[in-house]
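Peer 1: Sending over my_file10.txt (compact mmCIF, C-alpha atoms).
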# COMPACT_ATOMS: atom_id res chain seq x y z
CA MET Q 1 110.34 117.15 101.10
CA LYS Q 2 109.73 115.51 97.73
CA HIS Q 3 110.46 111.83 97.74
CA ILE Q 4 113.08 112.06 95.01
CA VAL Q 5 115.04 114.48 97.27
CA LYS Q 6 115.02 111.87 100.05
CA ILE Q 7 116.40 109.23 97.71
CA ILE Q 8 119.06 111.59 96.31
CA THR Q 9 120.07 112.56 99.86
CA LEU Q 10 120.45 108.90 100.70
CA LEU Q 11 122.60 108.29 97.60
CA VAL Q 12 124.76 111.36 98.34
CA THR Q 13 125.29 110.17 101.92
CA ILE Q 14 126.36 106.75 100.69
CA SER Q 15 128.77 108.33 98.13
CA ALA Q 16 130.21 110.57 100.85
CA LEU Q 17 130.90 107.56 103.05
CA TRP Q 18 132.45 105.80 100.10
CA THR Q 19 134.82 108.71 99.22
CA GLY Q 20 135.63 108.91 102.92
CA LEU Q 21 136.69 105.27 102.86
CA LEU Q 22 138.79 105.92 99.74
CA GLN Q 23 140.59 108.82 101.47
CA MET Q 24 141.32 106.89 104.65
CA SER Q 25 142.64 103.85 102.77
CA LEU Q 26 142.31 101.54 105.78
CA VAL Q 27 141.56 98.62 103.48
CA PRO Q 28 143.17 98.07 100.07
CA ARG Q 29 141.84 100.60 97.52
CA SER Q 30 140.96 98.01 94.91
CA HIS Q 31 138.31 96.59 97.27
CA ILE Q 32 136.79 100.01 97.89
CA TRP Q 33 136.64 100.80 94.17
CA LEU Q 34 134.45 97.77 93.69
CA LEU Q 35 131.96 98.69 96.44
CA PRO Q 36 129.52 100.61 94.18
CA ILE Q 37 129.32 97.61 91.87
CA TYR Q 38 128.60 95.35 94.84
CA PHE Q 39 125.93 97.83 95.89
CA ILE Q 40 124.18 97.75 92.52
CA VAL Q 41 124.44 93.96 92.30
CA ALA Q 42 123.04 93.67 95.84
CA LEU Q 43 120.14 95.96 94.93
CA GLY Q 44 119.37 93.87 91.84
CA CYS Q 45 119.54 90.65 93.86
CA TYR Q 46 117.21 92.15 96.44
CA GLY Q 47 114.68 93.05 93.71
CA LEU Q 48 114.82 89.64 92.08
CA LEU Q 49 114.59 87.91 95.45
CA MET Q 50 111.54 89.94 96.47
CA VAL Q 51 109.79 89.26 93.15
CA GLY Q 52 110.67 85.56 93.50
CA ILE Q 53 109.38 85.33 97.06
CA GLY Q 54 106.28 87.29 96.06
CA LEU Q 55 105.61 84.86 93.21
CA MET Q 56 106.14 81.76 95.35
CA ARG Q 57 103.90 83.06 98.09
CA PHE Q 58 101.38 84.68 95.75
CA PRO Q 59 98.10 84.35 97.64
CA THR Q 60 95.42 82.67 95.52
CA CYS Q 61 91.81 81.93 96.39
CA PRO Q 62 90.21 79.28 94.13
CA LYS Q 63 87.51 78.69 96.78
CA GLU Q 64 86.44 82.31 96.50
CA ALA Q 65 85.66 81.86 92.81
CA LEU Q 66 83.25 79.01 93.68
CA LEU Q 67 81.68 80.99 96.51
CA LEU Q 68 81.17 83.92 94.13
CA GLN Q 69 79.41 81.64 91.64
CA GLN Q 70 77.02 80.56 94.44
CA ASP Q 71 76.41 84.19 95.41
CA ILE Q 72 75.70 85.05 91.78
CA SER Q 73 73.11 82.28 91.35
CA GLU Q 74 71.49 83.30 94.64
CA ALA Q 75 71.34 86.92 93.49
CA LYS Q 76 70.00 85.93 90.07
CA GLU Q 77 67.22 83.96 91.75
CA PHE Q 78 66.27 87.01 93.81
CA LEU Q 79 66.30 89.28 90.75
CA LYS Q 80 63.98 86.87 88.94
CA GLN Q 81 61.55 86.85 91.88
CA SER Q 82 61.62 90.64 92.09
CA GLY Q 83 60.85 90.90 88.41
CA ILE Q 84 64.08 92.67 87.53
CA ASP Q 85 64.95 91.99 83.93
CA VAL Q 86 68.68 91.95 83.36
CA GLY Q 87 68.50 90.53 79.86
CA SER Q 88 69.84 87.34 78.42
CA ASP Q 89 73.44 87.54 79.64
CA MET V 90 80.63 86.79 107.58
CA ALA V 91 80.50 86.83 111.37
CA VAL V 92 81.44 90.50 111.64
CA ALA V 93 78.28 91.50 109.75
CA GLU V 94 76.20 91.18 112.90
CA GLU V 95 78.65 93.20 114.98
CA VAL V 96 78.64 96.22 112.71
CA LYS V 97 75.98 98.67 113.81
CA SER V 98 75.50 102.23 112.72
CA LYS V 99 77.41 103.64 115.65
CA GLY V 100 77.27 107.37 116.16
CA GLY V 101 74.97 107.91 113.19
CA ASN V 102 77.59 107.13 110.56
CA LYS V 103 76.33 106.96 107.00
CA TYR V 104 78.19 105.23 104.20
CA SER V 105 77.94 106.29 100.56
CA LEU V 106 79.06 103.60 98.11
CA ILE V 107 80.20 105.07 94.83
CA VAL V 108 80.16 102.57 91.96
CA PRO V 109 81.21 103.75 88.49
CA THR V 110 79.67 101.62 85.72
CA TYR V 111 80.01 101.12 82.00
CA ASN V 112 78.06 98.23 80.43
CA GLU V 113 77.41 96.40 83.70
CA ARG V 114 73.67 95.68 83.46
CA LEU V 115 73.85 92.24 85.02
CA ASN V 116 76.68 92.92 87.47
CA ILE V 117 75.17 96.09 88.93
CA ALA V 118 71.94 94.26 89.84
CA LEU V 119 73.91 91.40 91.41
CA LEU V 120 76.09 93.88 93.27
CA VAL V 121 73.15 95.78 94.74
CA TYR V 122 71.57 92.54 95.98
CA LEU V 123 74.83 91.45 97.61
CA VAL V 124 75.40 94.84 99.25
CA PHE V 125 71.94 94.76 100.82
CA LYS V 126 72.55 91.18 101.92
CA HIS V 127 75.79 91.98 103.71
CA LEU V 128 75.05 95.45 105.14
CA ARG V 129 71.90 94.84 107.13
CA ASP V 130 72.10 97.20 110.11
CA VAL V 131 74.07 99.94 108.43
CA ASP V 132 72.87 103.28 107.11
CA PHE V 133 74.08 103.44 103.53
CA GLU V 134 73.30 104.54 100.00
CA ILE V 135 74.62 103.29 96.66
CA ILE V 136 75.53 105.97 94.14
CA ILE V 137 75.83 104.57 90.64
CA VAL V 138 77.75 106.78 88.24
CA ASP V 139 76.95 105.39 84.80
CA ASP V 140 78.87 106.79 81.85
CA GLY V 141 76.10 106.45 79.26
CA SER V 142 76.31 102.65 78.87
CA PRO V 143 74.65 101.55 75.62
CA ASP V 144 73.69 98.13 77.10
CA GLY V 145 70.82 99.47 79.23
CA THR V 146 72.62 99.56 82.58
CA GLN V 147 70.49 102.57 83.55
CA ASP V 148 67.24 100.67 82.83
CA VAL V 149 68.33 97.94 85.20
CA VAL V 150 69.30 100.50 87.85
CA GLN V 151 65.83 102.06 87.59
CA GLN V 152 64.23 98.62 88.07
CA VAL V 153 66.44 98.02 91.10
CA GLN V 154 65.45 101.44 92.45
CA ARG V 155 61.80 100.34 92.40
CA VAL V 156 62.67 97.37 94.62
CA TYR V 157 65.02 99.06 97.10
CA GLY V 158 63.93 102.70 96.92
CA GLU V 159 65.32 105.77 95.19
CA ASP V 160 66.71 107.04 98.49
CA ARG V 161 69.01 103.98 98.79
CA ILE V 162 69.99 103.59 95.13
CA LEU V 163 70.98 106.84 93.46
CA LEU V 164 71.54 106.94 89.72
CA ARG V 165 73.76 109.85 88.81
CA ALA V 166 74.54 109.26 85.15
CA ARG V 167 76.85 111.16 82.86
CA PRO V 168 76.41 111.44 79.08
CA LYS V 169 79.59 109.64 78.06
CA LYS V 170 82.78 107.94 79.23
CA LEU V 171 84.69 110.59 81.15
CA GLY V 172 87.19 108.65 83.23
CA LEU V 173 87.45 107.17 86.69
CA GLY V 174 88.76 110.13 88.68
CA THR V 175 85.98 112.44 87.56
CA ALA V 176 83.43 109.65 88.15
CA TYR V 177 84.39 109.62 91.83
CA ALA V 178 84.25 113.41 92.00
CA HIS V 179 80.83 113.32 90.36
CA GLY V 180 79.51 110.67 92.77
CA LEU V 181 80.99 112.51 95.72
CA LYS V 182 78.95 115.64 94.92
CA HIS V 183 75.79 113.62 95.54
CA ALA V 184 77.03 111.68 98.57
CA SER V 185 75.18 112.36 101.82
CA GLY V 186 77.21 109.99 104.01
CA ASN V 187 80.18 110.97 106.18
CA PHE V 188 82.10 107.98 104.83
CA VAL V 189 82.52 106.98 101.21
CA VAL V 190 83.34 103.51 99.84
CA ILE V 191 84.70 103.17 96.34
CA MET V 192 84.29 99.83 94.61
CA ASP V 193 84.14 98.26 91.15
CA ALA V 194 80.86 97.05 89.69
CA ASP V 195 82.22 93.84 88.15
CA LEU V 196 82.10 91.88 91.45
CA SER V 197 85.87 91.60 91.68
CA HIS V 198 85.24 93.61 94.85
CA HIS V 199 82.87 91.45 96.85
CA PRO V 200 80.39 93.30 99.10
CA LYS V 201 80.89 90.69 101.83
CA TYR V 202 84.06 92.57 102.82
CA LEU V 203 82.20 95.82 103.49
CA PRO V 204 81.50 94.98 107.16
CA SER V 205 85.21 94.39 107.80
CA PHE V 206 86.08 97.80 106.27
CA ILE V 207 83.52 99.49 108.53
CA LYS V 208 84.60 97.53 111.59
CA LYS V 209 88.26 98.34 110.99
CA GLN V 210 87.45 102.04 110.66
CA GLN V 211 85.41 102.03 113.87
CA GLU V 212 88.12 100.19 115.80
CA THR V 213 91.01 102.36 114.66
CA GLY V 214 89.42 105.70 113.77
CA ALA V 215 91.32 105.59 110.47
CA SER V 216 90.65 108.10 107.69
CA ILE V 217 91.20 105.48 105.01
CA VAL V 218 90.72 101.70 105.06
CA THR V 219 92.18 100.07 101.97
CA GLY V 220 91.58 96.51 100.81
CA THR V 221 94.76 94.53 100.23
CA ARG V 222 95.15 91.35 98.24
CA TYR V 223 98.71 90.67 99.36
CA VAL V 224 98.38 89.69 103.01
CA ARG V 225 97.19 86.60 104.89
CA GLY V 226 93.47 86.14 104.27
CA GLY V 227 93.62 88.03 100.98
CA GLY V 228 94.30 86.73 97.49
CA VAL V 229 93.72 86.80 93.77
CA HIS V 230 92.00 84.27 91.51
CA GLY V 231 92.15 84.07 87.74
CA TRP V 232 95.60 85.44 86.97
CA ASN V 233 98.16 83.58 84.91
CA LEU V 234 101.88 83.46 85.73
CA MET V 235 102.71 86.46 83.52
CA ARG V 236 100.07 88.59 85.20
CA LYS V 237 101.34 87.59 88.64
CA LEU V 238 104.93 88.31 87.62
CA THR V 239 104.17 91.84 86.35
CA SER V 240 102.08 92.52 89.43
CA ARG V 241 104.85 91.45 91.81
CA GLY V 242 107.52 93.28 89.81
CA ALA V 243 105.48 96.49 89.79
CA ASN V 244 104.86 96.17 93.50
CA VAL V 245 108.53 95.61 94.43
CA LEU V 246 109.57 98.56 92.23
CA ALA V 247 106.97 100.87 93.78
CA HIS V 248 107.89 99.83 97.31
CA THR V 249 111.62 100.25 96.73
CA LEU V 250 111.20 103.71 95.20
CA LEU V 251 108.19 105.20 97.00
CA TRP V 252 108.10 103.61 100.50
CA PRO V 253 104.31 104.04 100.53
CA GLY V 254 103.52 102.26 103.78
CA VAL V 255 100.67 100.16 102.33
CA SER V 256 100.98 96.71 100.77
CA ASP V 257 98.51 97.02 97.88
CA LEU V 258 98.93 100.23 95.88
CA THR V 259 96.79 99.58 92.82
CA GLY V 260 93.77 97.99 94.49
CA SER V 261 90.79 100.31 94.46
CA PHE V 262 88.41 98.82 97.04
CA ARG V 263 88.66 101.49 99.74
CA LEU V 264 86.73 103.31 102.43
CA TYR V 265 87.43 107.03 102.93
CA ARG V 266 86.30 109.68 105.35
CA LYS V 267 84.34 111.96 103.02
CA SER V 268 86.43 115.10 103.63
CA VAL V 269 89.62 113.10 103.04
CA LEU V 270 88.41 111.77 99.70
CA GLN V 271 87.43 115.29 98.67
CA ASP V 272 90.89 116.57 99.53
CA LEU V 273 92.62 113.68 97.69
CA ILE V 274 90.54 113.93 94.52
CA GLU V 275 91.41 117.61 94.28
CA SER V 276 95.13 116.88 94.49
CA CYS V 277 95.30 113.85 92.17
CA VAL V 278 95.77 114.20 88.42
CA SER V 279 96.58 110.71 87.08
CA LYS V 280 94.25 108.47 85.11
CA GLY V 281 93.36 104.78 85.20
CA TYR V 282 94.96 102.56 87.80
CA VAL V 283 97.87 104.97 88.32
CA PHE V 284 95.13 107.17 89.83
CA GLN V 285 94.57 104.56 92.57
CA MET V 286 98.27 104.52 93.32
CA GLU V 287 98.47 108.31 93.37
CA MET V 288 95.51 108.54 95.78
CA ILE V 289 97.05 106.23 98.35
CA VAL V 290 100.61 107.60 98.03
CA ARG V 291 99.41 111.20 98.45
CA ALA V 292 97.22 110.15 101.37
CA SER V 293 100.24 108.54 103.01
CA ARG V 294 102.41 111.67 102.42
CA LYS V 295 99.68 113.94 103.81
CA GLY V 296 99.84 111.89 106.99
CA TYR V 297 96.32 110.46 106.90
CA HIS V 298 95.76 107.43 109.10
CA ILE V 299 95.54 104.44 106.74
CA GLU V 300 94.55 100.91 107.77
CA GLU V 301 94.37 97.73 105.69
CA VAL V 302 91.95 94.81 105.54
CA PRO V 303 92.49 91.61 103.53
CA ILE V 304 90.26 91.13 100.49
CA THR V 305 90.13 88.53 97.75
CA PHE V 306 89.97 89.51 94.11
CA VAL V 307 88.26 87.16 91.66
CA ASP V 308 88.92 87.99 88.03
CA ARG V 309 85.86 86.46 86.37
CA VAL V 310 86.50 87.47 82.80
CA PHE V 311 89.71 85.66 82.07
CA GLY V 312 92.45 88.03 81.01
CA SER V 313 90.33 91.14 81.55
CA SER V 314 93.05 92.72 83.60
CA LYS V 315 96.05 91.61 81.57
CA LEU V 316 98.84 94.08 81.28
CA GLY V 317 100.33 94.95 77.93
CA GLY V 318 103.41 96.97 77.04
CA SER V 319 101.58 100.28 76.96
CA GLU V 320 100.19 99.71 80.47
CA ILE V 321 103.69 99.01 81.76
CA VAL V 322 104.96 102.24 80.18
CA GLU V 323 102.03 104.14 81.76
CA TYR V 324 102.84 102.58 85.11
CA LEU V 325 106.53 103.57 84.93
CA LYS V 326 105.55 107.12 83.93
CA GLY V 327 103.16 107.27 86.87
CA LEU V 328 105.85 106.00 89.21
CA THR V 329 108.31 108.66 88.04
CA PHE V 330 105.62 111.33 88.33
CA LEU V 331 104.91 110.33 91.94
CA LEU V 332 108.63 110.20 92.70
CA VAL V 333 109.14 113.86 91.77
CA THR V 334 105.80 115.32 92.92
CA THR V 335 105.13 113.64 96.27
Written as structure tokens, that's how I'd like the structure from this file.
Peer 2:
Amino acid sequence: MKHIVKIITLLVTISALWTGLLQMSLVPRSHIWLLPIYFIVALGCYGLLMVGIGLMRFPTCPKEALLLQQDISEAKEFLKQSGIDVGSD
Amino acid sequence: MAVAEEVKSKGGNKYSLIVPTYNERLNIALLVYLVFKHLRDVDFEIIIVDDGSPDGTQDVVQQVQRVYGEDRILLRARPKKLGLGTAYAHGLKHASGNFVVIMDADLSHHPKYLPSFIKKQQETGASIVTGTRYVRGGGVHGWNLMRKLTSRGANVLAHTLLWPGVSDLTGSFRLYRKSVLQDLIESCVSKGYVFQMEMIVRASRKGYHIEEVPITFVDRVFGSSKLGGSEIVEYLKGLTFLLVTT
């Protein structure tokens, strides 16, 4: 099944539940009318929250940059000894 | 790394490293040295697919071949820049290993992680081991806030819409079983870094066993991987394409 079909199925199921709730009118209708808006707002909040958490916990590795510089000088030394000419850069 | 000593060529596995290059004369020599340093007891070959670099990358590769041997370093050049996806397909044609590693030549993918890819594959029997920057032990260096923000935003969007089952979709440091890579290359059509995302999403949909290992990513040329408006549009197009075709 294509992924878009899965997502559409999910959305249709949610809409079916929602219309079901509207029909039954157990809770005041005005509340149920607002549910889709809550849903969209919740989805947006989730996205923003995940991006925020991701940014705060963004894994960085400044040590790795130093280690790489060491590895590069070590490799350059070897290339020089082996007579490999990589040019001026 | 401590795992380097533990990795032995069990069961006669051979690893073919495919490295596409374009103007990487210094980096490719450094990369080869570091690969040989970190993969001591492993049967491997390095296949360099050079797209006609004008800076003399191929000269350097030939010099490196004289040091390490033409059976370990294979130069399989192409006349001009023809794109990443076809570079892998081209390298794959010449690969004699039963596993293939794909990595960048610019040292943002450090060869010291190769033993952990191999070890992970041997432990789990996975068909694909993908390097991830976004877990404990992984990381990125050299990105500004804007670059981090777009990266996180793109990741959250892709995870919400595609449920791919892997944490790092656009990273391209990966180990594949050769037959699996062949199958994936035939079914993928995107270009650029969307290609990396398509490969892993299709692999996940086809039910291949995918494992992850943490890697660090050091962006040495500041701003080399900055994302502009057109890249964001390409990314969104790619996302939509994957949504309706996978």
Peer 1: Could you check how far atom CA of Q:Ser82 sits from atom CA of V:Asp195, in Å to one decimal?
Peer 2: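 Value for the atom CA of Q:Ser82-atom CA of V:Asp195 distance: 21.2 Å.
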Peer 1: List every residue of chain Q that has an atom at most 12 Å from any atom of chain V, and for each one report the closest atom pair and its distance in Å to one decimal, counting all atoms listed in the file, with rows sorted by chain and then by increasing residue number, as JSON lines.
Peer 2:
{"residue": "Q:Met1", "atom": "CA", "partner": "V:Thr335", "partner_atom": "CA", "distance": 7.9}
{"residue": "Q:Lys2", "atom": "CA", "partner": "V:Thr335", "partner_atom": "CA", "distance": 5.2}
{"residue": "Q:His3", "atom": "CA", "partner": "V:Leu332", "partner_atom": "CA", "distance": 5.6}
{"residue": "Q:Ile4", "atom": "CA", "partner": "V:Leu332", "partner_atom": "CA", "distance": 5.3}
{"residue": "Q:Val5", "atom": "CA", "partner": "V:Val333", "partner_atom": "CA", "distance": 8.1}
{"residue": "Q:Lys6", "atom": "CA", "partner": "V:Leu332", "partner_atom": "CA", "distance": 9.9}
{"residue": "Q:Ile7", "atom": "CA", "partner": "V:Leu250", "partner_atom": "CA", "distance": 8.0}
{"residue": "Q:Ile8", "atom": "CA", "partner": "V:Leu332", "partner_atom": "CA", "distance": 11.1}
{"residue": "Q:Leu10", "atom": "CA", "partner": "V:Leu250", "partner_atom": "CA", "distance": 11.9}
{"residue": "Q:Leu43", "atom": "CA", "partner": "V:Thr249", "partner_atom": "CA", "distance": 9.7}
{"residue": "Q:Gly44", "atom": "CA", "partner": "V:Leu246", "partner_atom": "CA", "distance": 10.9}
{"residue": "Q:Tyr46", "atom": "CA", "partner": "V:Val245", "partner_atom": "CA", "distance": 9.6}
{"residue": "Q:Gly47", "atom": "CA", "partner": "V:Val245", "partner_atom": "CA", "distance": 6.7}
{"residue": "Q:Leu48", "atom": "CA", "partner": "V:Gly242", "partner_atom": "CA", "distance": 8.5}
{"residue": "Q:Leu49", "atom": "CA", "partner": "V:Val245", "partner_atom": "CA", "distance": 9.9}
{"residue": "Q:Met50", "atom": "CA", "partner": "V:Val245", "partner_atom": "CA", "distance": 6.7}
{"residue": "Q:Val51", "atom": "CA", "partner": "V:Arg241", "partner_atom": "CA", "distance": 5.6}
{"residue": "Q:Gly52", "atom": "CA", "partner": "V:Arg241", "partner_atom": "CA", "distance": 8.5}
{"residue": "Q:Ile53", "atom": "CA", "partner": "V:Arg241", "partner_atom": "CA", "distance": 9.2}
{"residue": "Q:Gly54", "atom": "CA", "partner": "V:Arg241", "partner_atom": "CA", "distance": 6.1}
{"residue": "Q:Leu55", "atom": "CA", "partner": "V:Leu238", "partner_atom": "CA", "distance": 6.6}
{"residue": "Q:Met56", "atom": "CA", "partner": "V:Lys237", "partner_atom": "CA", "distance": 10.1}
{"residue": "Q:Arg57", "atom": "CA", "partner": "V:Tyr223", "partner_atom": "CA", "distance": 9.3}
{"residue": "Q:Phe58", "atom": "CA", "partner": "V:Tyr223", "partner_atom": "CA", "distance": 7.5}
{"residue": "Q:Pro59", "atom": "CA", "partner": "V:Gly228", "partner_atom": "CA", "distance": 4.5}
{"residue": "Q:Thr60", "atom": "CA", "partner": "V:Gly228", "partner_atom": "CA", "distance": 4.6}
{"residue": "Q:Cys61", "atom": "CA", "partner": "V:His230", "partner_atom": "CA", "distance": 5.4}
{"residue": "Q:Pro62", "atom": "CA", "partner": "V:His230", "partner_atom": "CA", "distance": 5.9}
{"residue": "Q:Lys63", "atom": "CA", "partner": "V:His230", "partner_atom": "CA", "distance": 8.9}
{"residue": "Q:Glu64", "atom": "CA", "partner": "V:Val307", "partner_atom": "CA", "distance": 7.1}
{"residue": "Q:Ala65", "atom": "CA", "partner": "V:Val307", "partner_atom": "CA", "distance": 6.0}
{"residue": "Q:Leu66", "atom": "CA", "partner": "V:Val307", "partner_atom": "CA", "distance": 9.8}
{"residue": "Q:Leu67", "atom": "CA", "partner": "V:Val307", "partner_atom": "CA", "distance": 10.2}
{"residue": "Q:Leu68", "atom": "CA", "partner": "V:Val307", "partner_atom": "CA", "distance": 8.2}
{"residue": "Q:Gln69", "atom": "CA", "partner": "V:Arg309", "partner_atom": "CA", "distance": 9.6}
{"residue": "Q:Gln70", "atom": "CA", "partner": "V:Leu123", "partner_atom": "CA", "distance": 11.6}
{"residue": "Q:Asp71", "atom": "CA", "partner": "V:Leu123", "partner_atom": "CA", "distance": 7.7}
{"residue": "Q:Ile72", "atom": "CA", "partner": "V:Leu119", "partner_atom": "CA", "distance": 6.6}
{"residue": "Q:Ser73", "atom": "CA", "partner": "V:Leu119", "partner_atom": "CA", "distance": 9.2}
{"residue": "Q:Glu74", "atom": "CA", "partner": "V:Leu119", "partner_atom": "CA", "distance": 9.0}
{"residue": "Q:Ala75", "atom": "CA", "partner": "V:Leu119", "partner_atom": "CA", "distance": 5.6}
{"residue": "Q:Lys76", "atom": "CA", "partner": "V:Leu119", "partner_atom": "CA", "distance": 6.9}
{"residue": "Q:Glu77", "atom": "CA", "partner": "V:Leu119", "partner_atom": "CA", "distance": 10.0}
{"residue": "Q:Phe78", "atom": "CA", "partner": "V:Tyr122", "partner_atom": "CA", "distance": 8.0}
{"residue": "Q:Leu79", "atom": "CA", "partner": "V:Ala118", "partner_atom": "CA", "distance": 7.6}
{"residue": "Q:Lys80", "atom": "CA", "partner": "V:Ala118", "partner_atom": "CA", "distance": 10.9}
{"residue": "Q:Gln81", "atom": "CA", "partner": "V:Val156", "partner_atom": "CA", "distance": 10.9}
{"residue": "Q:Ser82", "atom": "CA", "partner": "V:Val156", "partner_atom": "CA", "distance": 7.3}
{"residue": "Q:Gly83", "atom": "CA", "partner": "V:Gln152", "partner_atom": "CA", "distance": 8.4}
{"residue": "Q:Ile84", "atom": "CA", "partner": "V:Gln152", "partner_atom": "CA", "distance": 6.0}
{"residue": "Q:Asp85", "atom": "CA", "partner": "V:Val149", "partner_atom": "CA", "distance": 7.0}
{"residue": "Q:Val86", "atom": "CA", "partner": "V:Leu115", "partner_atom": "CA", "distance": 5.4}
{"residue": "Q:Gly87", "atom": "CA", "partner": "V:Leu115", "partner_atom": "CA", "distance": 7.6}
{"residue": "Q:Ser88", "atom": "CA", "partner": "V:Leu115", "partner_atom": "CA", "distance": 9.1}
{"residue": "Q:Asp89", "atom": "CA", "partner": "V:Leu115", "partner_atom": "CA", "distance": 7.2}
Peer 1: Here's a test: counting all atoms listed in the file, identify every protein, DNA and RNA residue with an atom at most 12 Å from (127.1, 99.7, 98.0) in the file's coordinate frame, and state them as a list in words.
Peer 2: Leu10, Leu11, Val12, Thr13, Ile14, Ser15, Ala16, Leu17, Trp18, Thr19, His31, Ile32, Trp33, Leu34, Leu35, Pro36, Ile37, Tyr38, Phe39, Ile40, Val41, Ala42, Leu43 and Gly44 of chain Q
Peer 1: Residues proximal to (78.7, 118.6, 111.6) were defined as those with any atom within 12 Å of that point in the file's coordinates, counting all atoms listed in the file. Which are they, as a list in words?
Peer 2: Gly101, Asn102, Gly186, Asn187 and Ser268 of chain V
Peer 1: Record the distance separating atom CA of V:Leu264 and atom CA of V:Lys208, expressed in Å with one decimal.
Peer 2: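 Between atom CA of V:Leu264 and atom CA of V:Lys208 the gap is 11.0 Å.
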Peer 1: Have a look at atom CA of V:Leu270 and atom CA of V:Lys201 and let me know their distance in Å, one decimal.
Peer 2: 22.5 Å
Peer 1: May I have the residues within 9 Å of V:Ala184 as JSON, numbers by chain, using all atoms listed in the file and disregarding those fewer than 2 positions away in the same chain?
Peer 2: {"V": [104, 105, 106, 107, 134, 135, 136, 180, 181, 182, 186, 187, 188, 189, 267]}
Peer 1: Which residue gives the smallest distance to V:Glu212 among V:Glu300, V:Ser261, V:Glu275, V:Ala178, with only C-alpha atoms counted?
Peer 2: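 Smallest distance to V:Glu212 is found for V:Glu300.
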Peer 1: Write out N, CA, C and O atoms for stretch 26-38 of chain Q, as a short mmCIF file (atom, residue, chain, number, x, y, z; two decimals), keeping the file's coordinate frame.
Peer 2:
data_model
loop_
_atom_site.label_atom_id
_atom_site.label_comp_id
_atom_site.auth_asym_id
_atom_site.auth_seq_id
_atom_site.Cartn_x
_atom_site.Cartn_y
_atom_site.Cartn_z
N LEU Q 26 142.06 102.52 104.73
CA LEU Q 26 142.31 101.54 105.78
C LEU Q 26 142.43 100.14 105.17
O LEU Q 26 143.26 99.33 105.58
N VAL Q 27 141.55 99.91 104.20
CA VAL Q 27 141.56 98.62 103.48
C VAL Q 27 142.13 98.89 102.08
O VAL Q 27 142.10 100.03 101.61
N PRO Q 28 142.62 97.85 101.41
CA PRO Q 28 143.17 98.07 100.07
C PRO Q 28 142.18 98.78 99.15
O PRO Q 28 141.00 98.46 99.15
N ARG Q 29 142.69 99.74 98.36
CA ARG Q 29 141.84 100.60 97.52
C ARG Q 29 141.03 99.80 96.49
O ARG Q 29 139.88 100.13 96.23
N SER Q 30 141.65 98.77 95.95
CA SER Q 30 140.96 98.01 94.91
C SER Q 30 139.62 97.47 95.41
O SER Q 30 138.65 97.41 94.67
N HIS Q 31 139.57 97.08 96.70
CA HIS Q 31 138.31 96.59 97.27
C HIS Q 31 137.27 97.70 97.31
O HIS Q 31 136.12 97.50 96.99
N ILE Q 32 137.73 98.90 97.73
CA ILE Q 32 136.79 100.01 97.89
C ILE Q 32 136.24 100.46 96.54
O ILE Q 32 135.07 100.78 96.42
N TRP Q 33 137.11 100.43 95.51
CA TRP Q 33 136.64 100.80 94.17
C TRP Q 33 135.47 99.94 93.72
O TRP Q 33 134.59 100.39 93.00
N LEU Q 34 135.49 98.69 94.15
CA LEU Q 34 134.45 97.77 93.69
C LEU Q 34 133.13 97.90 94.47
O LEU Q 34 132.12 97.36 94.06
N LEU Q 35 133.15 98.62 95.59
CA LEU Q 35 131.96 98.69 96.44
C LEU Q 35 130.67 99.13 95.71
O LEU Q 35 129.63 98.53 95.91
N PRO Q 36 130.75 100.21 94.87
CA PRO Q 36 129.52 100.61 94.18
C PRO Q 36 128.93 99.50 93.33
O PRO Q 36 127.71 99.36 93.22
N ILE Q 37 129.81 98.72 92.70
CA ILE Q 37 129.32 97.61 91.87
C ILE Q 37 128.63 96.58 92.75
O ILE Q 37 127.54 96.10 92.43
N TYR Q 38 129.26 96.27 93.91
CA TYR Q 38 128.60 95.35 94.84
C TYR Q 38 127.23 95.88 95.24
O TYR Q 38 126.27 95.14 95.35
#
